[in-house]
Structure formats: C-alpha cells, structure tokens
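Okay, so here's the structure we're looking at.
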Amino acid sequence: MSVRRSPGGLIAPSRRWREWLTGYAFILPAVVVIAIFGLFPILYAVYMSLYSWRVRKGAFIGLENYLRTVGDVRGALAFFAGLLLVLVAHWLWTDAFRGGRAELRRALQAAGALVLLAAGVAVALGWRLMTASGDRVFLQGLVRTVYYGFGSVPIQIALALVLASLLFQKIRGRELFRMLFFLPYVTPAVAGAAVFRTIFSPRPDFLANTLLSLLHIPPQRWLFETKPLTQVLFGGVLARLGVTHVSGFWAGPSLALVTIILFGIWTYTGYNAVIFLAGLGNIPQELYEAAAIDGAGSVQQFRFITVPLLSPVTFYLTVLGFIGTFQAFTQIYVMRQIAVRDAVDTASVVIFDTFYKRNNWSLAAAQSVVLFVIILILTLYQNRFFGRSAFGG
Amino acid sequence: MASAPEGAARAARGRELAPEAGRRARAEPFEFKLAQLPVYFLLLVGAVVALTPFFYMMSTSLMTLGETINRRLLPATPQWVNYRQAWTQADFALYFRNSVVITAIVVLGVLVTCTLAGYAFARIDFPGRGAIFMVLLATLMIPGTVTFIPNFLMVRGDVIPWGSWINKLPALTVPFLSTAFIIFLFRQFFMGIPDELWDAARIDGAGHLRFLTAVVVPMSRPVMLTAALLTFVHSWNEFLWPLLVTTTPTWRPLGVGLYTFITEAGPQTQYLMAGAVITILPILVVYFFTQKQFTEGIATSGLKG
C-alpha cells in the first residue's frame, strides 16, 4: 500500500488510517462482486481458451482453439491490422497536422485516404484467408452480425432522426408520443420476440402476410426463409436472366435474418429518437432564426443545420448500435426457428451454442475472446472519433 | 455499454440545456396549423407501428384457440380465462414470483453496494482510489458474451468451492449485486454535494456512514430512483444468464419461462401471448408511473441491449 498525503495533510495519522479503512470498507462489497463476476471472467476466459475443455478441463493445447476459430494466422493478423489501420487513417486525416501549410495537410490527408484503402484491402484479404480454413459457423456468424448491424443500425437511426425532428416541432402531445415511441425499447426482448414470431408467421392470414397481400405481394415464409434477400426480392428478374441461385456476401442476409432485423429496428428506433431529441435541444435556436431570416426553408434548415450539428450524436448512436449488434443475443435466440438451422445465428448466438449445445467450452471461450477483441476495436473507434469532435470541445 | 460514462456526461450536459429549450417551446401559445397536419400524420404512423405488436399481443391473449388459428383481429368474447390458465397451468405464477424476488434482491443490493462505493469514490480519500475506480469502469467494456462462460463455472463452484448455485437463488442474484455503471452514476452525483454539509455533519460528530445515511441519501432521491429503474429493467429483462443457470422451474424467471413455453407449448398462441402480457405488464406499469425519470435515466446512461 502506497503512502500518499491526503489533502487534509494536518489530520492525525490515526484518523487518516481510519479514513482509509472506511473508504476500503465502503468499496469492498462492490469491488468483490465486480472483481469476481466482471473482471475475473475475462482472464479466466483467456485461460480456458488455452485448454481442451469440454465440460471437464483437459490438456493444455495452447493457441489451437484460436487457430481453429480464425483459421489462418496471417489472415487473422491482416484482418485485425486492417481494422486498426482505420484508426491510423482517421488520425492522418484529422489530427496529424494542424495549422501551417495547406499542401502538407492535403498530402497527409491523401496519405490517410491511402491508408484507409490499404486497411480495406487488408481486411478483405485477411478475411478470405480466414474463411478458407477457419471455423465456418463462427465466421459466418460474424458476417451475419455485420448484416444485422448494417441492416438495422442505419435504418433505425434515419427513422429516429425523422421522428425526433417531428417531435421537436411545436406540437401537442409530444410527451405522449415520446412515451409511445420508447415503449418497444423497455419491452422485454423475449416477450417482444414472441409477438414478432406470431406476426411474421408464414401462414397467409397472419399480420405481416396480410399487409403484403394488401400490396398484392404473395405471402412470405419470413422466419422460415433461408433464401437470401436479393433472391427473395429479385428472384423473378434473376430467373429470367438465367440466375437461379445467388450466394456469397453480396447476396445479403436471409429473409429470416431480415425479419429479426425488422424487430431490431422496431425496438431501437424510439430509443435513438429520444437521444436525438436531447441532441436537438442542444442546438442553439438562434441558428434557425438566422437561417430563416436568410430565407432558408424548413427542409434546408434540416439539411444544413440539424443534420450537421447532430452528426456527433448520429455517429455515437451508430457505434453504440454496432457494439449492441455484436452483443445481441436474446431477440435472435428467441426468434430463430429450428427449420432454418444456422441461417440467423450471429456471432454471440454461435458462441452460446458452442458452449451450450456443442459443449466445447474452451472453443466457445476462444470465440468469445475474438469477439471481445472486435468489440474492443469498435470501442476504440468510438473513443477515437468522439474524443475530440463530439465531447471534447 | 462501453461508452456509458461518456454518454452520461454528454447527456448530463444536455439535460442542463434541455429544460430551457422545453420551456421556450411551451411558453409560446399553442396554435394548430394546417401545415402541421403531415407532422401529426407521420407521428401517428410511427405510434401505430410502435403499438401494433402490443395490440396484437393483447388481442391474441384473449382469443380462443380457434380464433388464433383462423386469424381474427379481435376476439368475439374476451377469454380472460386464458390468463388464469397461463397463471396456474403454465407456471407463470411461479415465474412471476421468481422474477419479483430476483429483481427486488438485485435492485436492493445494487442500491446498497453502489451507494457505498459511489460515496467512497466521491468523498473519501484513500490510496489507490483513482486506479481502482478506473479498473471498475473498464469492466463496462467487457460484453456478457465473454463473461458468461467463466461465470457459469464460477456459480457451479468450480473455481471457488462454495458449492453449486445452479437452480438456486444466489446464481441469479449475486453476480448482479453491483455494477460499475451505477457506481459511476452515484459518484457523479455525490461529488456535487457541497463540502459545507460534510463539515457541519463532522462538527456534530457524525462519521461517513452517518452522514451518508442521514444527509446524502435523502438528498439523492432522483439519482437513486434512476438507478433503481435501470437496474429493475435490466434485471427483469435478463435472459441469457438465467437461461443457463435454471434447468428447473424452481427459480426460473419470467423471460426464460416464456421461452420454454415457446419451445414446448407449440401452437397455443393465446397462452403464450397471455404469458407475454404478464411478462411485460410490470415493466409497463413502472414505466407509466415514472416515465420522465425512466426515459431520461436511460437516455443519459447510454445503455443498450
């Protein structure tokens, strides 16, 4: 224990000791709980991942579980290096050079763009190497997580922005609307997912298909549909072009996953709208007044004042949304149908199954550590992008 | 989760400004303009989309089996008996009691441990204070998907030999008895309490514990309510962990009960929806009564998922 002078340096030593002891006693219960169930697990997960551990602990096998998960060491290194290079690119673009000659600044920005390009290439090539020999289920789970994120986060943010700016007008019943929009977010995910399972039943007379029939669209199988979205949407056109089967990343998520994405949008749009509403409250009203004097209409005001000034909030919600996506479990686990096998399993669901169904505890631990690293990098993005622009100044 | 502190700091700043904006908007007399009709229309569409699943759930929960199969919009006569069935036959009474007990213990535990810790981090000076606090905050970045595997071993008594907690109450409560985020929330609030109060209390011969219980806690009702609400929602909605540690109905909470009902009950949608209503209702009741603190508390916390 280090001896440090307390600010009240004149206090007698015995009293200082008592003060310290009180402090430690106060934090003790919380520290014990968090240390055991919050901090220790991350160390223990790494420890477990180095063994062969199926329910009972087996032999030490080093990095084999990781190798099995990511497939190719060089590929994984390239992939993660690429993810980190994005940070370097952002740094070059914004902060590497402040003030001084404009040419140098432009040169550094160009370098940043190049680094970003390199990052993209590294991620793509690394990924190709990884998928060639890695754990197919887990890596596919990561792809589905990305689908899930890109499918739900931008839409829920765009809708939330619209709702928030509508709510911000001088309207009657703002509180009521805000409460209603927020309702899905507080709803227990299991219960919400149970309802969505019924609404999106493959039977033609259930709600989702009834709505489709109003638009003269044939009923869909929703959560039971493993075909990728592109095929569901453009199947007829593609068939006429002689394409009967689409696959690969750009084929998009299965309709089953899209249905789960719809549930995600339903859940989080109101939450995002509430956060946007707080952000809107922070935009100085004078800006709008000045713009109005200059003759800007409400659409222009929205485009040139609201959107740019809310962009920090937007970005914050985006990264938060993606981190949430990588952790999402309940809604997917509850909504998935046995019939679609692993068509909707995102990374966290795969980890759970590796643990719970396949009983390979150490492999699940290794997968969870890999997922943790990805989430950590996302968090770094968030700190990097927000450190300055949003909350720093 | 990772960014909770920043989110809170940002939103706390936002809250200082928000009331002003609200007042400005309210001060002007309301007048209905025809031009606003599209605004109301779009808001109504949003509200309908948000509410439809609730409507669907409630109407289905009151249908007969036949009505759930040959889809009707509304039941011919409300079958309140479905709720009695779900409550007694499908064990929802037990699940409900379990959820209440678990959530009550967790909320109380969090309030006690986090008040003490938040107070110590805000107002008691001891060596290592800053470092310990940072380490605790770092745990917010660790996702549940990483912690659940080692924690499962932990509650089985594999790591610390305290016996297996599987299917017992401690497994569902002890791991949640404290969280860094609430400590952070309390610390921020307690730091704002004027030093003069503490000086006065000390002159009266009060120690930290006395000061905390007699002065600080009564002053901190709003933040305590926010913390209690956040913890309540999280505890009530917890799914992955109770799914793992309850293999029998003894301590199974509502969420997991509902899930087992989905997987086992098959096509009896009306009972399932009654169970869903039972699961949602307590959250809704609390939400309706504490709406403002609720939305703002969650908006400030930046918590998600």
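The way I read the labels, and the way they are meant: chains A, B, ... in the order of the structure tokens, residue 1 as the first residue of every chain, and ligand 1 as the first ligand shown, with later ones counted on from there.
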Practice problem: Can you check which residues of chain A have any atom within 6 Å of chain B? Use only C-alpha atoms and format it as a VMD selection string. | Solution: chain A and resid 20 23 26 to 27 29 to 30 37 to 39 41 45 188 190 to 191 275 281 324 368
Selection from above, C-alpha atoms, as a PDB file, in the first residue's frame, can you write it?
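New file part.pdb:
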```pdb
ATOM      1  CA  TRP A  20      -8.641   4.977   4.582  1.00  0.00           C
ATOM      2  CA  GLY A  23     -13.004   4.046   2.248  1.00  0.00           C
ATOM      3  CA  PHE A  26     -17.251   1.141   1.686  1.00  0.00           C
ATOM      4  CA  ILE A  27     -15.993  -0.086  -1.665  1.00  0.00           C
ATOM      5  CA  PRO A  29     -18.791  -5.229  -1.340  1.00  0.00           C
ATOM      6  CA  ALA A  30     -18.944  -3.648  -4.781  1.00  0.00           C
ATOM      7  CA  PHE A  37     -18.138 -11.598 -11.863  1.00  0.00           C
ATOM      8  CA  GLY A  38     -16.962  -8.723 -14.038  1.00  0.00           C
ATOM      9  CA  LEU A  39     -13.201  -8.677 -14.144  1.00  0.00           C
ATOM     10  CA  PRO A  41     -14.041 -13.781 -16.169  1.00  0.00           C
ATOM     11  CA  ALA A  45     -11.875 -16.942 -20.456  1.00  0.00           C
ATOM     12  CA  PRO A 188     -38.565  -7.458 -22.506  1.00  0.00           C
ATOM     13  CA  VAL A 190     -38.303 -12.313 -25.085  1.00  0.00           C
ATOM     14  CA  ALA A 191     -41.870 -11.075 -24.985  1.00  0.00           C
ATOM     15  CA  ILE A 275     -31.313  10.513 -27.664  1.00  0.00           C
ATOM     16  CA  GLY A 281     -32.347  20.520 -27.506  1.00  0.00           C
ATOM     17  CA  GLY A 324     -25.006  -3.580 -29.409  1.00  0.00           C
ATOM     18  CA  SER A 368     -15.722 -15.042 -27.179  1.00  0.00           C
TER      19      SER A 368
END
```
Quiz prompt | Test item, alpha helix (DSSP H) assignment across range 59-280 of chain A, answer as a PyMOL selection string | solution = chain A and resi 64-70+73-94+102-133+136-167+174-186+189-199+207-214+229-240+255-280
Quiz item: Can you list, as a PyMOL selection string, every protein, DNA or RNA residue that comes within 8 Å of Ile102 in chain B when you count only C-alpha atoms, leaving out same-chain residues fewer than 6 positions away?
Solution: chain B and resi 169+172-173+235+253
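Selecting strand (DSSP E) from the backbone DSSP output for range 22-74 of chain A yields A:Tyr51, A:Ser52, A:Trp53, A:Arg54, A:Arg56, A:Lys57, A:Gly58, A:Ala59, A:Phe60.
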Quiz item: So how far away is CA of Arg336 in chain A from CA of Ala194 in chain A, in Å?
Solution: 10.5 Å
Practice problem: May I have the residues within 12 Å of Lys57 in chain A as a list in words, using only C-alpha atoms and disregarding those fewer than 2 positions away in the same chain? | Solution: Tyr47, Met48, Ser49, Leu50, Tyr51, Ser52, Trp53, Arg54, Val55, Ala59, Phe60, Ile61, Asn359, Asn360, Trp361 and Ser362 of chain A; Leu153, Asp158 and Val159 of chain B
Limited to C-alpha atoms, could you put the picked residues into a file as a PDB file, in the first residue's frame?
```pdb
ATOM      1  CA  TYR A  47      -7.100 -19.218 -19.554  1.00  0.00           C
ATOM      2  CA  MET A  48      -9.869 -21.622 -20.564  1.00  0.00           C
ATOM      3  CA  SER A  49      -9.316 -20.965 -24.239  1.00  0.00           C
ATOM      4  CA  LEU A  50      -5.799 -22.399 -23.978  1.00  0.00           C
ATOM      5  CA  TYR A  51      -7.011 -25.829 -22.879  1.00  0.00           C
ATOM      6  CA  SER A  52      -9.063 -28.565 -24.339  1.00  0.00           C
ATOM      7  CA  TRP A  53     -12.108 -28.081 -22.172  1.00  0.00           C
ATOM      8  CA  ARG A  54     -15.326 -29.921 -22.863  1.00  0.00           C
ATOM      9  CA  VAL A  55     -17.335 -29.666 -19.639  1.00  0.00           C
ATOM     10  CA  ALA A  59      -4.944 -30.924 -21.694  1.00  0.00           C
ATOM     11  CA  PHE A  60      -3.179 -27.661 -22.408  1.00  0.00           C
ATOM     12  CA  ILE A  61      -3.321 -27.091 -26.157  1.00  0.00           C
ATOM     13  CA  ASN A 359     -20.304 -28.408 -25.061  1.00  0.00           C
ATOM     14  CA  ASN A 360     -16.944 -27.232 -26.344  1.00  0.00           C
ATOM     15  CA  TRP A 361     -16.253 -24.745 -23.585  1.00  0.00           C
ATOM     16  CA  SER A 362     -12.727 -23.781 -24.491  1.00  0.00           C
TER      17      SER A 362
ATOM     18  CA  LEU B 153     -18.038 -22.224 -13.884  1.00  0.00           C
ATOM     19  CA  ASP B 158     -15.673 -24.996  -9.926  1.00  0.00           C
ATOM     20  CA  VAL B 159     -13.428 -22.014  -9.309  1.00  0.00           C
TER      21      VAL B 159
END
```
Self-check item: Pick from A:Leu310, A:Ala124, A:Val73, A:Val349 nearest to Gln327 in chain A, counting only C-alpha atoms
Solution: A:Val349
Quiz item: Near range 214-222 of chain A, counting only C-alpha atoms, which residues have an atom at most 7 Å away, once you skip same-chain residues fewer than 3 positions from it, shown as number ranges by chain?
Solution: A: 200-202, 204, 209-211, 225, 255-256, 259
Could you write out that same residue set with N, CA and C atoms as a PDB file, in the first residue's frame?
```
ATOM      1  N   PHE A 200     -45.053 -12.470 -37.796  1.00  0.00           N
ATOM      2  CA  PHE A 200     -44.368 -12.893 -39.019  1.00  0.00           C
ATOM      3  C   PHE A 200     -44.485 -14.396 -39.236  1.00  0.00           C
ATOM      4  N   SER A 201     -45.638 -14.903 -38.901  1.00  0.00           N
ATOM      5  CA  SER A 201     -45.891 -16.316 -39.162  1.00  0.00           C
ATOM      6  C   SER A 201     -45.962 -16.553 -40.668  1.00  0.00           C
ATOM      7  N   PRO A 202     -45.526 -17.698 -41.146  1.00  0.00           N
ATOM      8  CA  PRO A 202     -45.578 -17.954 -42.596  1.00  0.00           C
ATOM      9  C   PRO A 202     -46.996 -18.150 -43.118  1.00  0.00           C
ATOM     10  N   PRO A 204     -50.659 -17.403 -44.405  1.00  0.00           N
ATOM     11  CA  PRO A 204     -51.047 -16.254 -45.215  1.00  0.00           C
ATOM     12  C   PRO A 204     -51.956 -15.264 -44.497  1.00  0.00           C
ATOM     13  N   ASN A 209     -48.154 -11.085 -43.497  1.00  0.00           N
ATOM     14  CA  ASN A 209     -48.578 -11.525 -44.830  1.00  0.00           C
ATOM     15  C   ASN A 209     -49.880 -10.866 -45.264  1.00  0.00           C
ATOM     16  N   THR A 210     -50.743 -10.556 -44.291  1.00  0.00           N
ATOM     17  CA  THR A 210     -51.963  -9.826 -44.642  1.00  0.00           C
ATOM     18  C   THR A 210     -51.611  -8.467 -45.235  1.00  0.00           C
ATOM     19  N   LEU A 211     -50.651  -7.776 -44.587  1.00  0.00           N
ATOM     20  CA  LEU A 211     -50.224  -6.478 -45.105  1.00  0.00           C
ATOM     21  C   LEU A 211     -49.648  -6.623 -46.507  1.00  0.00           C
ATOM     22  N   GLU A 225     -37.529 -18.599 -43.856  1.00  0.00           N
ATOM     23  CA  GLU A 225     -36.970 -18.462 -45.196  1.00  0.00           C
ATOM     24  C   GLU A 225     -35.450 -18.314 -45.139  1.00  0.00           C
ATOM     25  N   LEU A 255     -33.972 -13.989 -45.569  1.00  0.00           N
ATOM     26  CA  LEU A 255     -35.191 -13.277 -45.182  1.00  0.00           C
ATOM     27  C   LEU A 255     -35.467 -13.477 -43.689  1.00  0.00           C
ATOM     28  N   ALA A 256     -35.084 -14.634 -43.168  1.00  0.00           N
ATOM     29  CA  ALA A 256     -35.267 -14.885 -41.736  1.00  0.00           C
ATOM     30  C   ALA A 256     -34.500 -13.854 -40.915  1.00  0.00           C
ATOM     31  N   THR A 259     -36.125 -10.478 -41.043  1.00  0.00           N
ATOM     32  CA  THR A 259     -37.249 -10.361 -40.115  1.00  0.00           C
ATOM     33  C   THR A 259     -36.763  -9.990 -38.720  1.00  0.00           C
TER      34      THR A 259
END
```
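For the pair CA of Ile305 in chain A and CA of Tyr288 in chain A, the separation is 7.5 Å.
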Quiz item: Expressed in Å to a single decimal, how great is the separation between CA of Phe41 in chain B and CA of Ile171 in chain A?
Solution: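 Separation between CA of Phe41 in chain B and CA of Ile171 in chain A: 11.8 Å.
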Quiz prompt | Spatial neighbours of range 79-82 of chain A, max dist 10 Å, only C-alpha atoms, sep filter under 2 positions, as a list in words | solution =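 Once the nearby chain positions are removed, what remains is Val73, Arg74, Gly75, Ala76, Leu77, Leu84, Leu85, Val86, Leu87, Val88, Val115, Leu116, Leu117, Ala118, Ala119, Gly120, Val121, Ala122, Val123, Ala124, Leu125, Gly126, Trp127, Arg128, Leu129, Met130, Val373, Ile374 and Ile377 of chain A.
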Self-check item: Selection: 12 Å around Met219 in chain B, only C-alpha atoms, excl. self and same-chain fewer than 2 positions, as a ChimeraX atom specification
Solution: /B:186,189-190,192-194,197,211-217,221-225
